[in-house]
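**Student:** What follows is a single structure, and I will ask about it in a moment.
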Amino acid sequence: MRKLIALMLTLILTLSAISTLATDKALVEEAQKLTHEELVEKAKAEEGTFIVYGNTSRITTALEQFCALYDITGEGNNLKDAEIYTKLEIEIDSNAKGADMVMIQDGASLEFLIENGYLINYLPPSVAANVDAADQNPLVHQFINKVFIYNNQGDDVPAIKNVWELTEEKMKGRVLFKNPESEQVNMNFLVMLTNEEWAARLAEAYEAHFGKPIELGEYKNAGYMWIAQFLSNCVFGSSDTTLAEEISQPTAAGKIGLFVLSKLRSSSVLTENLTVGEYDAQKNAYTIQPFSGFMYPMYALVSSGATRPYTAMLFIDYLMNVDGFQPWGKSVGAYSANSALVPLEGDLGIDIWKNTLVSEDPAYILAAYEDVSTFVTKYVK
Amino acid sequence: MPEIILTNVTKRFGKFVAVDKLNLNIHSNEFITLLGPSGCGKTTTLRMIAGLETPTEGRIMIDEDVVFDADEGINVPPNKRDVGFLFQNYALWPHMTVKQNIAFGLENLKWPKKDIDERVDELTLMLKIREFLDRYPSELSGGQQQRVAIARTLAPKPRVLFMDEPLSNLDAKLRTDMRSELKRLHKTTDSTFVYVTHDQLEAMTLSTRICIMELGKLMQYAPPLEMYQSPANLFVADFMGNPSMNFIEGKAEKTDKGVCLLSGGVAFAFTPSSVLDAMPEQAVIGIRPEHVLISDEGGCPAKVYSSLPSGLETTIRLSLGEIMLTSVVFGGMDFELDSDVSFNFVPNQAILFDKGSGNALARGSLQLSK
Amino acid sequence: METIQRNQVKRLGRMTHTFLSKPANLILVVFLVLLTFLTLYPLLVLIFETFTVHSGREARAVGLPRGSYTDYHFKRLLFTLDDGGAMGVTYSNSWIQFYGPLLNTLSVAFTSSAVAILFGGTVAWFITRSNLKYKKFISGVFVFPYIMPSWTLALFWQSFFKNEFIGTGTSNGILASVFGIFMPEWFVYGYFPISIVLGLHYAPFAYILIGGILRNMDANLEEAATVLKTSRMRLLRRITLPIIKPAALSTFLLVFASSISAYSVPVFLGSPVRYYMLSTKMKSLMDTYPGQAYIIAAVMIMFGIVILGINQKVTGSRKSYTTVTGKSSQVSLVDLRKWNRPVAVFLVILMLLIAVLPLITFAAESVIIKAGNYSLSNMTLDFWIGTNLTYLDQGDSTGILLSGKVWKALFYSLALAATCAVVAGTCGMLVGYAVAKKRGTRMANAVNSLAFFPYLMPSLAFGAIYLAMSVRVSWLNGFVLLALIGSVKYLPFASRSGLNAMLQLSGEIEEAGQIVGIPWWKRMTRIIFPIQKSSLLSGYLLPLVSCMRELSLFVLLVPTSNTLLTTMLMQYSEKGWAQFGSAINLLIIIVVLLINYLVNKLTGASIDKGIGG
């Protein structure tokens, strides 16, 4: 009896949620046609605190600048991706006041929210021309890369040229990686390695390194095999920031990690002890076979539960341009999807990175997640 | 002045029956004692009348008001029954002074301040605790605390005063003093007193009537002397009196004079002074120690088993074959152990009981059969 | 016919009126309804959720739309034992996600309970029954590990013992870098330290409960044996131990239940070496496969219920021990003679290590710039009072004492804690009063059990359920939601101390007031409360302190991580902002200790009395 009532309640709530969604989607579509000034006017006319959920700590800085510029009260919250997803759903379902705008990673989970109308896409007309078609819907704000970085001190520097080196006996306990079970994008990366393309390239790289064709045995493909052996050699850290700090210590000689490049910006990281990947200046590329790491997009969208949708859209517009991107752009490892913004001095452009890093394919990830994550669990245990 | 009537009052705790179909009638201005061993239900009964405990069945009336009726669903709360309750442990409020303790109830009844002060003065004077008005209970002796408790209870002039073993925490001498104070208090306050105790001497000396209980049942309800002289059953006969009554137990046989009882190899003859309806199979004859007279001439022979002189009286145990009898001799006499004496029973002071039901059957004279 | 029916109705009406006019009955009825809704309804929601498909990954994995019914979660979590392949059953999904962690949880729970009782009980004996030196210091500091958040000891353990040869093996903690001592991995992470830390955290429980019994134990009992020339050891074994057995068992059950639901300690000391417990697994599953996470929550709650049942059977119906008019019993102390000094010094050092050293460590961690370097040149007060710290690119741009965010969180935390304390404390007192008055009746037993139940629900699971509930009830969010769950969660302590306080009071004290017609509320405020003030206030103090340092209960329900000091701390720790994290940690501990001290000094209330000593 209770189940029936609860079921009905959930149904009613979902229905009512959907009914309110329709208005916002139309609203956003209409807003695409506004000029910048009109958008600013409408944004300022809105009431209440502007609330943002972001996967990144620098969102608060960006928000502060934005609020100062337009004289708006805003509140920025830095949450983990999984938390944002859970919170968002619950807030919208229960019609509670929550985020107006969201900056989030993990495209696979994003699919569901967009499908069900929780998040609405907005493409600022000011940057539409400069953003790749593939990155427009859902709108990518920036790309973040996690690359192989090693400690260059001591005698046994792990300057690898081929990812299969990491699966060797001698690397056991020397590889640092954030536990994929507590970091979705890491898990997504591992899932991607099992698709046709990467499995093939890994098989090639195997032969290149060991000099003989790969023997899969029980493994489904080269991707699975690499994952299993890689994870067995890994030591898991709790956060990329801590990993970066620890691996930069002199006592960490001989270790190599796969983590966010932009963590190098932290003052407690001793960057002089670290070297990124294997950089070939002539080719202007990183040459670890078959990849130097992976990258994933950070999306920016309007929440369907927004009480200040125009402000949300204005903020997205702000973020996609120079001023709004500045909190990220001033450090290494952040790449705007807006090609008009040049990468930082000393860093490579996103187009170059795209060649040597594994990217997310949300469709494949959703299909293969179950299998691969179960597989991964065994090696993370 | 109130009359308290209990009709078929029963109290059950789960399966355990604490009070079993009690019928009691208390007239105004009486000093009733509920007497009995621990667990007999006397405190429970007291609390039920006061309203601190709810009976399972029955009806209670105070002064023509029904204060409890199980069938009608009536249950008047204690504060509306206009009663006073004196607790065994006094229950003085430790964080209030003596004056505050006594006045608290009156303040609550919205008495004007002048009246409250007057009443407090009156009571503390009467109970001789005037100089302790500003002290806290922990600073007083047991007897003083007792009197403060009495003052507090009497303050609102309740029509009935309940007392739950109030003297049991006092030492022996103080207890005797307080007994006389209570008896005088009964006269001066002109209220009805209902008193609970396990001490039969206390009950005897204080009450107008005693209600003796055992295992939740009423055993006898009578004035003290009547209860002493004519106990209704074995339990009452044994409970009352110190030293306790002598009991001679055995198989009974009807004779033309009365009853012949064979016990411990000795034959006793009982001659009833009233008509004996039923003939018990197993009988018990009871006779009080003071009715076992030790005399020099005549009588039956016995040996002195023990002799305990207290100054006022001497308690002697006599052995007669296998039978033991207790005798009390007044005055300061002492007897040698194992000496021979002879004794007689005072006529018409023996009681015949039916062993099975315990009921007293008849009064009569006891003699040894030759 | 008519009149009989009307009489019946009248009678029923009168009986109900009489019944409810007694405050104790009214309270019991109200709380029975309230508690049933607040504890049993969430349970039903939980069970409902274990059969529901949630969104995202889960929906894909199950292959059914969101909201539909499924038994997938059960099958996957509990019955998937065959996909370990060549590696065996311990690599099967169910073992990895459930049975393995279950085994770990049980072993840790047993060990930590044993540690708590041994340590707490032994110190209790020394304090109450011997002439140990420095008693005041030891007993004063002993409660610290309980007042401090449980992760304090865990974080301290980690930063103190970590070294480059274990775990991520890249930095050295204090012991390694300053003294050059490198502890092995099993000592620093996993089963051993988790059990020790939890045991130490809950040792105060044992100390208070067992100490309470020992303190009131009639010295005559031991003296009688001594006169019969019983050896000291025998005396301990055959007389003292049996007397404290009920308290020891009670402690064991309480600590066992708490250990099962502990979250922050296993996260810090277990996850680095992949030693998972049910609580850590539940949290990680909550993000991806909530259905299975809810099953784990249900399992943990089941444990709680079983333990509650055993506890009830063991302690049985409480007999009243009236002590308000009691006399103090003679206490004769055991003379420790030549053992006195060594034992006392040992305990003092131990207490310093457990209670004071962590504070120093956090202070140190909060002022160093680059990790691992404890020289003065590497120290700064920036993280406390610095301004314009954007160069750090971390959580805040000012030191925590100047940060608006931090002060806001502090006030919010205090307001929340105060609200919970008042609500829980008052309800606890009322429940204690009603249960004491009507003890032995079915309704009193029911309310008593229900009031204690929330304690046995793991905080994380409780939070998850209330989250699910908040979706269905529109006004249940924000501060109201947090205050509600906080009050319900700490009601057990308040009602325990309320019950103890009331049991100590002889019923006659109140009856004396009843007879002269003092109304109930006046009896409570003018008689009962003043007499048992310090015991009753302890029922307010415990929720206050517990709320201030509570994390797992609120973590799923706060609007943002910046709402409460504790959630802020967790976020900072996870991000690796060590200095800010340590500073906030120290701030929380100082605030909590301060509150405890102030309330103690002002009202005589203390944690001891709260737990039931």
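Identifiers in the structure tokens: chain A, B, ... in order shown; residue index from 1 per chain; ligand index from 1 in order shown.
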Select all residues from chain C having any atom no more than 6 Å from an atom of chain B (counting only C-alpha atoms, ignoring ligands), output as an MDAnalysis selection string.
**Tutor:** chainID C and resid 11 14:15 508:509 515:517
**Student:** Applying 10 Å and only C-alpha atoms, which residues near A:Ser373 remain after dropping the ones on its own chain fewer than 2 positions away? List them as a list in words.
**Tutor:**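 Listing them by chain and then by number gives Pro180, Glu181, Met187, Asn188, Leu190, Val191, Ala368, Tyr369, Glu370, Asp371, Phe375, Val376, Thr377 and Lys378 of chain A.
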**Student:** Might you pull out every residue within 9 Å of B:Asp338, with only C-alpha atoms counted and same-chain residues fewer than 4 positions away left off, and present them as a list in words?
**Tutor:**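 Surrounding residues, per the criterion: Lys303, Val304, Tyr305 and Ser306 of chain B.
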**Student:** For a quick check of understanding, using only C-alpha atoms, which of A:Pro125, A:Glu168, A:Thr374, A:Leu113 has the smallest distance to A:Leu34?
**Tutor:**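 Closest candidate: A:Pro125.
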**Student:** Name all residues at most 10 Å from C:Leu118 (count only C-alpha atoms; drop same-chain ones fewer than 3 positions away) and give them as an MDAnalysis selection string.
**Tutor:** chainID C and resid 112:115 121:124 199 203 206:207 248
**Student:** Between atom CA of B:Pro289 and atom CA of B:Thr33, what is the distance, to one decimal in Å?
**Tutor:**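 One can read the atom CA of B:Pro289 to atom CA of B:Thr33 distance as 25.0 Å.
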**Student:** Can you pull out the residues contacting C:Met300? Cut-off 8 Å, using only C-alpha atoms, and skip same-chain residues under 6 positions away; I want them as a VMD selection string.
**Tutor:** chain C and resid 260 to 261 278 457 to 458
**Student:** Suppose we keep C-alpha atoms; can you now write the selection as an mmCIF file, in the first residue's frame?
**Tutor:**
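File produced: result-v3.cif:
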```cif
data_model
loop_
_atom_site.group_PDB
_atom_site.id
_atom_site.type_symbol
_atom_site.label_atom_id
_atom_site.label_comp_id
_atom_site.auth_asym_id
_atom_site.auth_seq_id
_atom_site.Cartn_x
_atom_site.Cartn_y
_atom_site.Cartn_z
ATOM 1 C CA ILE C 260 29.958 -0.944 12.526
ATOM 2 C CA SER C 261 28.742 2.409 11.341
ATOM 3 C CA LEU C 278 30.711 -1.685 4.959
ATOM 4 C CA MET C 457 21.300 3.464 12.810
ATOM 5 C CA PRO C 458 24.545 4.197 11.023
#
```
